[in-house]
>>> print(open('work-v2.cif').read())   # mmCIF, C-alpha atoms and all ligand atoms
data_coords
loop_
_atom_site.group_PDB
_atom_site.id
_atom_site.type_symbol
_atom_site.label_atom_id
_atom_site.label_comp_id
_atom_site.auth_asym_id
_atom_site.auth_seq_id
_atom_site.Cartn_x
_atom_site.Cartn_y
_atom_site.Cartn_z
ATOM 1 C CA MET R 1 107.928 91.738 105.527
ATOM 2 C CA ILE R 2 104.884 90.976 103.414
ATOM 3 C CA LEU R 3 104.662 94.104 101.235
ATOM 4 C CA ASN R 4 107.474 95.690 99.234
ATOM 5 C CA ASP R 5 108.718 99.255 99.940
ATOM 6 C CA ASP R 6 106.568 100.877 97.247
ATOM 7 C CA GLU R 7 103.446 99.138 98.491
ATOM 8 C CA LEU R 8 104.231 100.066 102.092
ATOM 9 C CA GLU R 9 104.482 103.738 101.093
ATOM 10 C CA ARG R 10 101.519 103.808 98.691
ATOM 11 C CA TYR R 11 99.172 102.153 101.164
ATOM 12 C CA ALA R 12 100.760 103.563 104.361
ATOM 13 C CA ARG R 13 97.626 105.421 105.528
ATOM 14 C CA GLN R 14 95.549 102.246 105.538
ATOM 15 C CA VAL R 15 98.275 99.756 106.542
ATOM 16 C CA VAL R 16 98.696 101.796 109.743
ATOM 17 C CA MET R 17 95.085 101.025 110.659
ATOM 18 C CA PRO R 18 94.909 98.067 113.062
ATOM 19 C CA GLU R 19 91.866 96.690 111.183
ATOM 20 C CA ILE R 20 93.977 96.383 108.017
ATOM 21 C CA GLY R 21 97.699 96.156 108.738
ATOM 22 C CA GLU R 22 100.140 94.511 106.342
ATOM 23 C CA GLU R 23 98.186 91.276 106.288
ATOM 24 C CA GLY R 24 94.930 92.979 105.379
ATOM 25 C CA GLN R 25 96.678 94.986 102.677
ATOM 26 C CA LYS R 26 98.244 91.824 101.286
ATOM 27 C CA ARG R 27 94.779 90.320 101.135
ATOM 28 C CA LEU R 28 93.562 93.340 99.126
ATOM 29 C CA CYS R 29 96.588 93.138 96.816
ATOM 30 C CA ASP R 30 95.882 89.434 96.212
ATOM 31 C CA SER R 31 92.156 89.965 95.555
ATOM 32 C CA HIS R 32 90.229 89.942 92.298
ATOM 33 C CA VAL R 33 87.064 92.063 92.099
ATOM 34 C CA ALA R 34 84.696 92.297 89.121
ATOM 35 C CA ILE R 35 82.865 95.575 88.468
ATOM 36 C CA ILE R 36 79.843 95.254 86.212
ATOM 37 C CA GLY R 37 78.948 98.624 84.720
ATOM 38 C CA LEU R 38 81.387 101.548 84.549
ATOM 39 C CA GLY R 39 78.874 104.365 84.922
ATOM 40 C CA GLY R 40 77.663 106.388 87.884
ATOM 41 C CA LEU R 41 78.233 103.691 90.495
ATOM 42 C CA GLY R 42 81.128 101.957 88.782
ATOM 43 C CA ALA R 43 83.165 105.168 88.683
ATOM 44 C CA PRO R 44 83.447 105.751 92.445
ATOM 45 C CA VAL R 45 83.833 102.011 93.020
ATOM 46 C CA ILE R 46 86.814 101.961 90.637
ATOM 47 C CA MET R 47 88.351 105.065 92.213
ATOM 48 C CA ALA R 48 88.129 103.597 95.713
ATOM 49 C CA LEU R 49 89.245 100.055 94.853
ATOM 50 C CA ALA R 50 92.127 101.062 92.584
ATOM 51 C CA GLY R 51 93.315 103.488 95.234
ATOM 52 C CA ALA R 52 93.022 100.879 97.972
ATOM 53 C CA GLY R 53 95.160 98.461 95.953
ATOM 54 C CA ILE R 54 92.815 95.651 94.953
ATOM 55 C CA GLY R 55 95.306 93.630 92.929
ATOM 56 C CA ARG R 56 93.093 92.568 90.038
ATOM 57 C CA LEU R 57 90.028 94.301 88.652
ATOM 58 C CA SER R 58 87.748 92.861 85.964
ATOM 59 C CA LEU R 59 85.866 95.627 84.162
ATOM 60 C CA ILE R 60 82.715 94.677 82.248
ATOM 61 C CA ASP R 61 80.779 97.257 80.196
ATOM 62 C CA ASP R 62 79.582 97.684 76.601
ATOM 63 C CA ASP R 63 78.978 101.450 76.574
ATOM 64 C CA ASP R 64 80.909 104.489 75.308
ATOM 65 C CA VAL R 65 81.603 107.730 77.172
ATOM 66 C CA SER R 66 79.133 110.533 76.378
ATOM 67 C CA LEU R 67 78.927 114.145 77.533
ATOM 68 C CA SER R 68 75.866 113.514 79.714
ATOM 69 C CA ASN R 69 77.922 110.994 81.742
ATOM 70 C CA LEU R 70 80.348 113.589 83.029
ATOM 71 C CA ASN R 71 78.224 115.089 85.820
ATOM 72 C CA ARG R 72 78.886 111.944 87.834
ATOM 73 C CA GLN R 73 81.179 109.409 86.156
ATOM 74 C CA PHE R 74 84.472 110.906 87.234
ATOM 75 C CA VAL R 75 86.799 108.192 85.953
ATOM 76 C CA HIS R 76 85.838 109.481 82.486
ATOM 77 C CA ASN R 77 86.538 113.004 81.268
ATOM 78 C CA THR R 78 86.199 115.368 78.334
ATOM 79 C CA GLN R 79 89.295 113.911 76.649
ATOM 80 C CA THR R 80 87.850 110.388 76.701
ATOM 81 C CA LEU R 81 84.474 111.301 75.140
ATOM 82 C CA GLY R 82 83.593 108.734 72.488
ATOM 83 C CA LEU R 83 85.994 106.101 73.787
ATOM 84 C CA SER R 84 84.613 102.935 75.305
ATOM 85 C CA LYS R 85 84.075 103.233 79.046
ATOM 86 C CA ILE R 86 86.432 100.267 79.340
ATOM 87 C CA GLN R 87 89.270 102.202 77.641
ATOM 88 C CA SER R 88 88.523 105.362 79.575
ATOM 89 C CA ALA R 89 88.339 103.636 82.971
ATOM 90 C CA ALA R 90 91.467 101.601 82.230
ATOM 91 C CA ALA R 91 93.388 104.817 81.480
ATOM 92 C CA PHE R 92 92.172 106.326 84.769
ATOM 93 C CA ILE R 93 93.175 103.266 86.785
ATOM 94 C CA HIS R 94 96.569 103.064 85.114
ATOM 95 C CA SER R 95 97.312 106.703 85.928
ATOM 96 C CA LEU R 96 96.142 106.347 89.548
ATOM 97 C CA ASN R 97 97.707 102.987 90.330
ATOM 98 C CA PRO R 98 99.762 101.172 87.667
ATOM 99 C CA GLU R 99 100.225 98.222 90.029
ATOM 100 C CA ILE R 100 96.655 97.053 89.364
ATOM 101 C CA THR R 101 96.203 94.201 86.885
ATOM 102 C CA LEU R 102 93.184 94.803 84.640
ATOM 103 C CA HIS R 103 90.981 92.346 82.807
ATOM 104 C CA THR R 104 88.771 94.305 80.406
ATOM 105 C CA HIS R 105 85.626 92.959 78.776
ATOM 106 C CA HIS R 106 83.900 95.270 76.308
ATOM 107 C CA GLN R 107 80.580 93.473 76.384
ATOM 108 C CA ARG R 108 77.288 93.369 78.233
ATOM 109 C CA PHE R 109 77.120 90.835 81.058
ATOM 110 C CA ASP R 110 74.684 87.996 80.351
ATOM 111 C CA ALA R 111 73.905 84.492 81.559
ATOM 112 C CA GLU R 112 75.882 82.879 78.744
ATOM 113 C CA THR R 113 79.214 84.643 79.217
ATOM 114 C CA GLY R 114 78.850 85.305 82.959
ATOM 115 C CA PRO R 115 80.420 82.109 84.319
ATOM 116 C CA THR R 116 83.544 82.626 82.195
ATOM 117 C CA LEU R 117 83.831 86.310 83.127
ATOM 118 C CA LEU R 118 83.490 85.630 86.848
ATOM 119 C CA GLY R 119 85.396 82.339 86.983
ATOM 120 C CA ASP R 120 88.094 83.256 89.511
ATOM 121 C CA VAL R 121 86.638 86.435 90.994
ATOM 122 C CA ASP R 122 86.498 86.940 94.788
ATOM 123 C CA ILE R 123 83.694 89.541 94.842
ATOM 124 C CA VAL R 124 81.334 90.982 92.246
ATOM 125 C CA ILE R 125 80.120 94.576 92.466
ATOM 126 C CA ASP R 126 76.932 95.169 90.520
ATOM 127 C CA CYS R 127 76.973 98.734 89.203
ATOM 128 C CA SER R 128 74.679 98.026 86.251
ATOM 129 C CA ASP R 129 71.394 99.791 85.664
ATOM 130 C CA LEU R 130 69.344 97.206 83.782
ATOM 131 C CA PRO R 131 67.112 94.759 85.691
ATOM 132 C CA ALA R 132 67.911 91.950 83.211
ATOM 133 C CA THR R 133 71.642 92.370 83.856
ATOM 134 C CA ARG R 134 71.112 92.461 87.606
ATOM 135 C CA TYR R 135 69.137 89.188 87.551
ATOM 136 C CA ALA R 136 71.798 87.521 85.386
ATOM 137 C CA VAL R 137 74.568 88.699 87.729
ATOM 138 C CA ASN R 138 72.605 87.442 90.742
ATOM 139 C CA ALA R 139 72.045 83.978 89.220
ATOM 140 C CA CYS R 140 75.691 83.678 88.241
ATOM 141 C CA CYS R 141 76.929 84.692 91.705
ATOM 142 C CA ILE R 142 74.635 82.099 93.334
ATOM 143 C CA ALA R 143 75.853 79.375 90.967
ATOM 144 C CA LEU R 144 79.520 80.244 91.551
ATOM 145 C CA GLN R 145 79.036 81.090 95.276
ATOM 146 C CA ILE R 146 80.586 84.542 94.869
ATOM 147 C CA PRO R 147 79.697 87.421 97.230
ATOM 148 C CA LEU R 148 77.743 90.137 95.406
ATOM 149 C CA VAL R 149 77.631 93.788 96.425
ATOM 150 C CA PHE R 150 74.514 95.527 95.137
ATOM 151 C CA GLY R 151 73.925 99.247 94.737
ATOM 152 C CA GLY R 152 71.266 101.357 93.076
ATOM 153 C CA ALA R 153 70.830 105.101 92.692
ATOM 154 C CA VAL R 154 68.403 107.504 91.070
ATOM 155 C CA ARG R 155 67.890 111.267 91.585
ATOM 156 C CA THR R 156 68.955 111.806 95.222
ATOM 157 C CA ASP R 157 68.075 108.318 96.500
ATOM 158 C CA GLY R 158 70.155 105.197 96.751
ATOM 159 C CA GLN R 159 70.364 101.760 98.286
ATOM 160 C CA VAL R 160 73.128 99.291 99.010
ATOM 161 C CA THR R 161 73.502 95.785 100.427
ATOM 162 C CA SER R 162 75.421 92.578 99.850
ATOM 163 C CA PHE R 163 74.509 88.961 99.234
ATOM 164 C CA LEU R 164 76.687 86.079 100.450
ATOM 165 C CA PRO R 165 75.614 82.879 98.667
ATOM 166 C CA ALA R 166 77.715 80.684 100.983
ATOM 167 C CA ASP R 167 75.714 81.945 103.983
ATOM 168 C CA GLU R 168 72.435 80.038 104.237
ATOM 169 C CA LYS R 169 70.698 83.024 105.833
ATOM 170 C CA SER R 170 71.686 85.445 103.084
ATOM 171 C CA PRO R 171 68.972 86.697 100.749
ATOM 172 C CA CYS R 172 69.760 87.140 97.066
ATOM 173 C CA PHE R 173 68.906 90.038 94.774
ATOM 174 C CA ARG R 174 65.748 88.297 93.570
ATOM 175 C CA CYS R 175 64.568 87.654 97.149
ATOM 176 C CA LEU R 176 64.421 91.435 97.580
ATOM 177 C CA PHE R 177 63.284 92.291 94.063
ATOM 178 C CA PRO R 178 61.207 89.435 92.594
ATOM 179 C CA GLU R 179 60.698 89.777 88.863
ATOM 180 C CA ALA R 180 56.984 90.333 89.483
ATOM 181 C CA ASP R 181 57.883 93.449 91.390
ATOM 182 C CA VAL R 182 56.388 95.929 88.958
ATOM 183 C CA GLU R 183 57.699 98.908 90.848
ATOM 184 C CA PHE R 184 61.282 97.732 90.396
ATOM 185 C CA ALA R 185 60.863 96.528 86.819
ATOM 186 C CA GLN R 186 59.357 99.867 85.841
ATOM 187 C CA ALA R 187 61.671 102.007 87.943
ATOM 188 C CA PRO R 188 62.659 105.103 85.980
ATOM 189 C CA SER R 189 66.111 105.155 84.431
ATOM 190 C CA CYS R 190 68.586 107.898 85.274
ATOM 191 C CA ALA R 191 68.020 109.347 81.791
ATOM 192 C CA GLN R 192 64.325 109.799 82.550
ATOM 193 C CA ALA R 193 64.407 110.634 86.246
ATOM 194 C CA GLY R 194 67.769 112.326 86.634
ATOM 195 C CA ILE R 195 70.702 111.553 88.886
ATOM 196 C CA LEU R 196 73.003 113.681 90.988
ATOM 197 C CA GLY R 197 76.711 112.865 91.081
ATOM 198 C CA THR R 198 76.760 113.082 94.859
ATOM 199 C CA THR R 199 74.175 110.268 95.045
ATOM 200 C CA THR R 200 76.274 107.866 92.995
ATOM 201 C CA MET R 201 79.417 108.922 94.875
ATOM 202 C CA VAL R 202 77.784 108.052 98.208
ATOM 203 C CA ILE R 203 76.369 104.706 97.074
ATOM 204 C CA GLY R 204 79.481 103.717 95.098
ATOM 205 C CA ALA R 205 81.682 104.538 98.087
ATOM 206 C CA LEU R 206 79.466 102.366 100.293
ATOM 207 C CA GLN R 207 79.695 99.514 97.772
ATOM 208 C CA ALA R 208 83.492 99.748 97.710
ATOM 209 C CA ALA R 209 83.601 99.899 101.514
ATOM 210 C CA GLU R 210 81.432 96.788 101.692
ATOM 211 C CA ALA R 211 83.748 94.930 99.303
ATOM 212 C CA ILE R 212 86.814 95.877 101.362
ATOM 213 C CA ARG R 213 85.017 94.847 104.559
ATOM 214 C CA ILE R 214 84.191 91.421 103.111
ATOM 215 C CA LEU R 215 87.665 90.895 101.595
ATOM 216 C CA ILE R 216 89.534 91.743 104.794
ATOM 217 C CA GLY R 217 86.894 90.377 107.131
ATOM 218 C CA PHE R 218 86.560 93.223 109.596
ATOM 219 C CA GLY R 219 83.395 94.765 111.023
ATOM 220 C CA GLU R 220 79.867 93.765 110.065
ATOM 221 C CA SER R 221 78.840 93.277 106.456
ATOM 222 C CA LEU R 222 75.585 94.710 105.126
ATOM 223 C CA CYS R 223 74.324 91.223 104.277
ATOM 224 C CA GLY R 224 70.774 91.001 105.653
ATOM 225 C CA THR R 225 70.389 94.782 105.713
ATOM 226 C CA LEU R 226 69.292 97.012 102.844
ATOM 227 C CA LEU R 227 70.699 100.441 103.610
ATOM 228 C CA LEU R 228 68.588 103.236 102.129
ATOM 229 C CA TYR R 229 70.053 106.688 101.484
ATOM 230 C CA ASP R 230 67.877 109.766 101.270
ATOM 231 C CA GLY R 231 69.969 112.530 99.774
ATOM 232 C CA LEU R 232 67.222 115.139 100.097
ATOM 233 C CA ASN R 233 67.321 114.916 103.866
ATOM 234 C CA ALA R 234 70.852 113.533 104.327
ATOM 235 C CA SER R 235 69.641 110.425 106.153
ATOM 236 C CA PHE R 236 70.296 106.686 106.099
ATOM 237 C CA THR R 237 67.691 104.053 106.993
ATOM 238 C CA PRO R 238 68.647 100.377 107.413
ATOM 239 C CA ILE R 239 65.852 97.911 106.706
ATOM 240 C CA LYS R 240 65.923 94.156 107.183
ATOM 241 C CA ALA R 241 66.630 92.174 104.012
ATOM 242 C CA GLN R 242 65.396 88.619 104.427
ATOM 243 C CA ARG R 243 65.717 85.532 102.330
ATOM 244 C CA ALA R 244 62.497 84.535 100.537
ATOM 245 C CA PRO R 245 62.005 80.755 100.957
ATOM 246 C CA ASP R 246 60.171 80.521 97.637
ATOM 247 C CA CYS R 247 62.696 82.626 95.697
ATOM 248 C CA SER R 248 63.077 81.290 92.174
ATOM 249 C CA ALA R 249 66.804 82.077 92.140
ATOM 250 C CA CYS R 250 68.037 80.852 95.527
ATOM 251 C CA GLY R 251 65.039 78.988 96.979
ATOM 252 C CA HIS R 252 66.545 75.604 96.118
ATOM 253 C CA ARG R 253 69.640 76.243 98.227
ATOM 254 C CA PRO R 254 69.852 74.169 101.443
HETATM 255 ZN ZN ZN M 1 66.743 84.603 96.503
#
>>> encode(input="work-v2.cif", output="structure tokens")
Amino acid sequence: MILNDDELERYARQVVMPEIGEEGQKRLCDSHVAIIGLGGLGAPVIMALAGAGIGRLSLIDDDDVSLSNLNRQFVHNTQTLGLSKIQSAAAFIHSLNPEITLHTHHQRFDAETGPTLLGDVDIVIDCSDLPATRYAVNACCIALQIPLVFGGAVRTDGQVTSFLPADEKSPCFRCLFPEADVEFAQAPSCAQAGILGTTTMVIGALQAAEAIRILIGFGESLCGTLLLYDGLNASFTPIKAQRAPDCSACGHRP
């Protein structure tokens, strides 16, 4: 017996799956995942990972809950308006699954504090919405050799993939979005362009699924594939995501 009785009952519907079983569940319970950004993408990621029983979650965000968040950020609610997103998300997680150990960091992720924040993390999920944060997360994950699950969403469109720094064929975030990429750097924010809650739910769910896939080691990861979601036409398009040999972030890797 690997899991206790409570764990066996709480996670029964996934433990029964041959791809997971008790061993896979134990792996999830022993895992530590960092979620950077507790907004539109972070919310569904938290819901899925706390429910699935990821044992330790590090939450990193410097923002407070506002009314315009509540069309999509469903770990927050009208009662938590004005609280930090860290406090609000922690309360949600505690009510859903008190077995989860939380490490909360009410701060913006940057290159200076990153290595300390991600020191013993198994996977990082980037749910931030600022290019500067994304590049800092990418550099830190390469340096620490931590798998990084990327997601982005605006209006009805989204994209998701993962980067595995220990895999020599894996691209990194900067391979796909070099800093000179004006289109990405000037991409409209959700405040300007709008965002539908269903878009972030889809992309966040895919990010959480990718993290679970990598942690347990079943199926095929999205590494090497950028999966595009078109919510206007309800379609997914996978495109090849290749490593750029001259990438300034990972080009020096062997
Ligand atoms: Zn790269």
>>> closest_atom_pairs(input="work-v2.cif", of="chain R", to="ligand ZN 1 (chain M)", cutoff="7 Å", atoms="only C-alpha atoms and all ligand atoms", output="JSON lines")
{"residue": "R:Pro171", "atom": "CA", "partner": "M:ZN1", "partner_atom": "ZN", "distance": 5.2}
{"residue": "R:Cys172", "atom": "CA", "partner": "M:ZN1", "partner_atom": "ZN", "distance": 4.0}
{"residue": "R:Phe173", "atom": "CA", "partner": "M:ZN1", "partner_atom": "ZN", "distance": 6.1}
{"residue": "R:Arg174", "atom": "CA", "partner": "M:ZN1", "partner_atom": "ZN", "distance": 4.8}
{"residue": "R:Cys175", "atom": "CA", "partner": "M:ZN1", "partner_atom": "ZN", "distance": 3.8}
{"residue": "R:Arg243", "atom": "CA", "partner": "M:ZN1", "partner_atom": "ZN", "distance": 6.0}
{"residue": "R:Ala244", "atom": "CA", "partner": "M:ZN1", "partner_atom": "ZN", "distance": 5.9}
{"residue": "R:Cys247", "atom": "CA", "partner": "M:ZN1", "partner_atom": "ZN", "distance": 4.6}
{"residue": "R:Ser248", "atom": "CA", "partner": "M:ZN1", "partner_atom": "ZN", "distance": 6.6}
{"residue": "R:Ala249", "atom": "CA", "partner": "M:ZN1", "partner_atom": "ZN", "distance": 5.0}
{"residue": "R:Cys250", "atom": "CA", "partner": "M:ZN1", "partner_atom": "ZN", "distance": 4.1}
{"residue": "R:Gly251", "atom": "CA", "partner": "M:ZN1", "partner_atom": "ZN", "distance": 5.9}
>>> closest_atom_pairs(input="work-v2.cif", of="region 95-123 of chain R", to="region 198-220 of chain R", cutoff="12 Å", atoms="all atoms listed in the file", output="JSON lines")
{"residue": "R:Val121", "atom": "CA", "partner": "R:Leu215", "partner_atom": "CA", "distance": 11.5}
{"residue": "R:Asp122", "atom": "CA", "partner": "R:Leu215", "partner_atom": "CA", "distance": 8.0}
{"residue": "R:Ile123", "atom": "CA", "partner": "R:Ala211", "partner_atom": "CA", "distance": 7.0}
>>> resolve_selection(input="work-v2.cif", expression="the PyMOL selection byres (((chain R and resi 24) around 12) and not hetatm)", output="ChimeraX atom specification")
/R:2-3,11,14-23,25-31,52-54,212-218
>>> write_last_selection(input="work-v2.cif", atoms="C-alpha atoms", output="PDB file, in the coordinates of the input")
ATOM      1  CA  ILE R   2     104.884  90.976 103.414  1.00  0.00           C
ATOM      2  CA  LEU R   3     104.662  94.104 101.235  1.00  0.00           C
ATOM      3  CA  TYR R  11      99.172 102.153 101.164  1.00  0.00           C
ATOM      4  CA  GLN R  14      95.549 102.246 105.538  1.00  0.00           C
ATOM      5  CA  VAL R  15      98.275  99.756 106.542  1.00  0.00           C
ATOM      6  CA  VAL R  16      98.696 101.796 109.743  1.00  0.00           C
ATOM      7  CA  MET R  17      95.085 101.025 110.659  1.00  0.00           C
ATOM      8  CA  PRO R  18      94.909  98.067 113.062  1.00  0.00           C
ATOM      9  CA  GLU R  19      91.866  96.690 111.183  1.00  0.00           C
ATOM     10  CA  ILE R  20      93.977  96.383 108.017  1.00  0.00           C
ATOM     11  CA  GLY R  21      97.699  96.156 108.738  1.00  0.00           C
ATOM     12  CA  GLU R  22     100.140  94.511 106.342  1.00  0.00           C
ATOM     13  CA  GLU R  23      98.186  91.276 106.288  1.00  0.00           C
ATOM     14  CA  GLN R  25      96.678  94.986 102.677  1.00  0.00           C
ATOM     15  CA  LYS R  26      98.244  91.824 101.286  1.00  0.00           C
ATOM     16  CA  ARG R  27      94.779  90.320 101.135  1.00  0.00           C
ATOM     17  CA  LEU R  28      93.562  93.340  99.126  1.00  0.00           C
ATOM     18  CA  CYS R  29      96.588  93.138  96.816  1.00  0.00           C
ATOM     19  CA  ASP R  30      95.882  89.434  96.212  1.00  0.00           C
ATOM     20  CA  SER R  31      92.156  89.965  95.555  1.00  0.00           C
ATOM     21  CA  ALA R  52      93.022 100.879  97.972  1.00  0.00           C
ATOM     22  CA  GLY R  53      95.160  98.461  95.953  1.00  0.00           C
ATOM     23  CA  ILE R  54      92.815  95.651  94.953  1.00  0.00           C
ATOM     24  CA  ILE R 212      86.814  95.877 101.362  1.00  0.00           C
ATOM     25  CA  ARG R 213      85.017  94.847 104.559  1.00  0.00           C
ATOM     26  CA  ILE R 214      84.191  91.421 103.111  1.00  0.00           C
ATOM     27  CA  LEU R 215      87.665  90.895 101.595  1.00  0.00           C
ATOM     28  CA  ILE R 216      89.534  91.743 104.794  1.00  0.00           C
ATOM     29  CA  GLY R 217      86.894  90.377 107.131  1.00  0.00           C
ATOM     30  CA  PHE R 218      86.560  93.223 109.596  1.00  0.00           C
TER      31      PHE R 218
END
>>> resolve_selection(input="work-v2.cif", expression="the PyMOL selection byres (((chain R and resi 77) around 12) and not hetatm)", output="NGL selection string")
:R and (43 or 64-76 or 78-85 or 87-89 or 91-92)
>>> resolve_selection(input="work-v2.cif", expression="the PyMOL selection byres (((chain R and resi 104) around 10) and not hetatm)", output="compact mmCIF listing (two decimals) with C-alpha atoms, keeping the file's coordinate frame")
# COMPACT_ATOMS: atom_id res chain seq x y z
CA ALA R 34 84.70 92.30 89.12
CA LEU R 57 90.03 94.30 88.65
CA SER R 58 87.75 92.86 85.96
CA LEU R 59 85.87 95.63 84.16
CA ILE R 60 82.72 94.68 82.25
CA ASP R 61 80.78 97.26 80.20
CA ILE R 86 86.43 100.27 79.34
CA GLN R 87 89.27 102.20 77.64
CA ALA R 89 88.34 103.64 82.97
CA ALA R 90 91.47 101.60 82.23
CA THR R 101 96.20 94.20 86.88
CA LEU R 102 93.18 94.80 84.64
CA HIS R 103 90.98 92.35 82.81
CA HIS R 105 85.63 92.96 78.78
CA HIS R 106 83.90 95.27 76.31
CA GLN R 107 80.58 93.47 76.38
CA LEU R 117 83.83 86.31 83.13
>>> axis_aligned_box(input="work-v2.cif", around="region 47-55 of chain R", padding_each_side="8 Å", output="AutoDock Vina command-line options")
--center_x 91.7 --center_y 99.3 --center_z 95.1 --size_x 23.2 --size_y 27.4 --size_z 21.8
>>> residues_around(input="work-v2.cif", residues="Thr156 (chain R)", least_positions_apart="2", cutoff="10 Å", atoms="all atoms listed in the file", output="VMD selection string")
chain R and resid 153 to 154 158 194 to 200 229 to 234
>>> atom_distance(input="work-v2.cif", atom1="CA of Gly152 (chain R)", atom2="CA of Phe177 (chain R)")
12.1 Å
>>> atom_distance(input="work-v2.cif", atom1="CA of Leu38 (chain R)", atom2="CA of Cys127 (chain R)")
7.0 Å
>>> atom_distance(input="work-v2.cif", atom1="CA of Thr133 (chain R)", atom2="CA of Gly114 (chain R)")
10.1 Å
>>> closest_residue(input="work-v2.cif", among="R:Ile35, R:Leu227, R:Ile125, R:Ala166", to="Leu144 (chain R)", atoms="all atoms listed in the file")
R:Ala166
>>> residues_around(input="work-v2.cif", residues="Pro238 (chain R)", least_positions_apart="6", cutoff="7 Å", atoms="all atoms listed in the file", output="PyMOL selection string")
chain R and resi 225-228
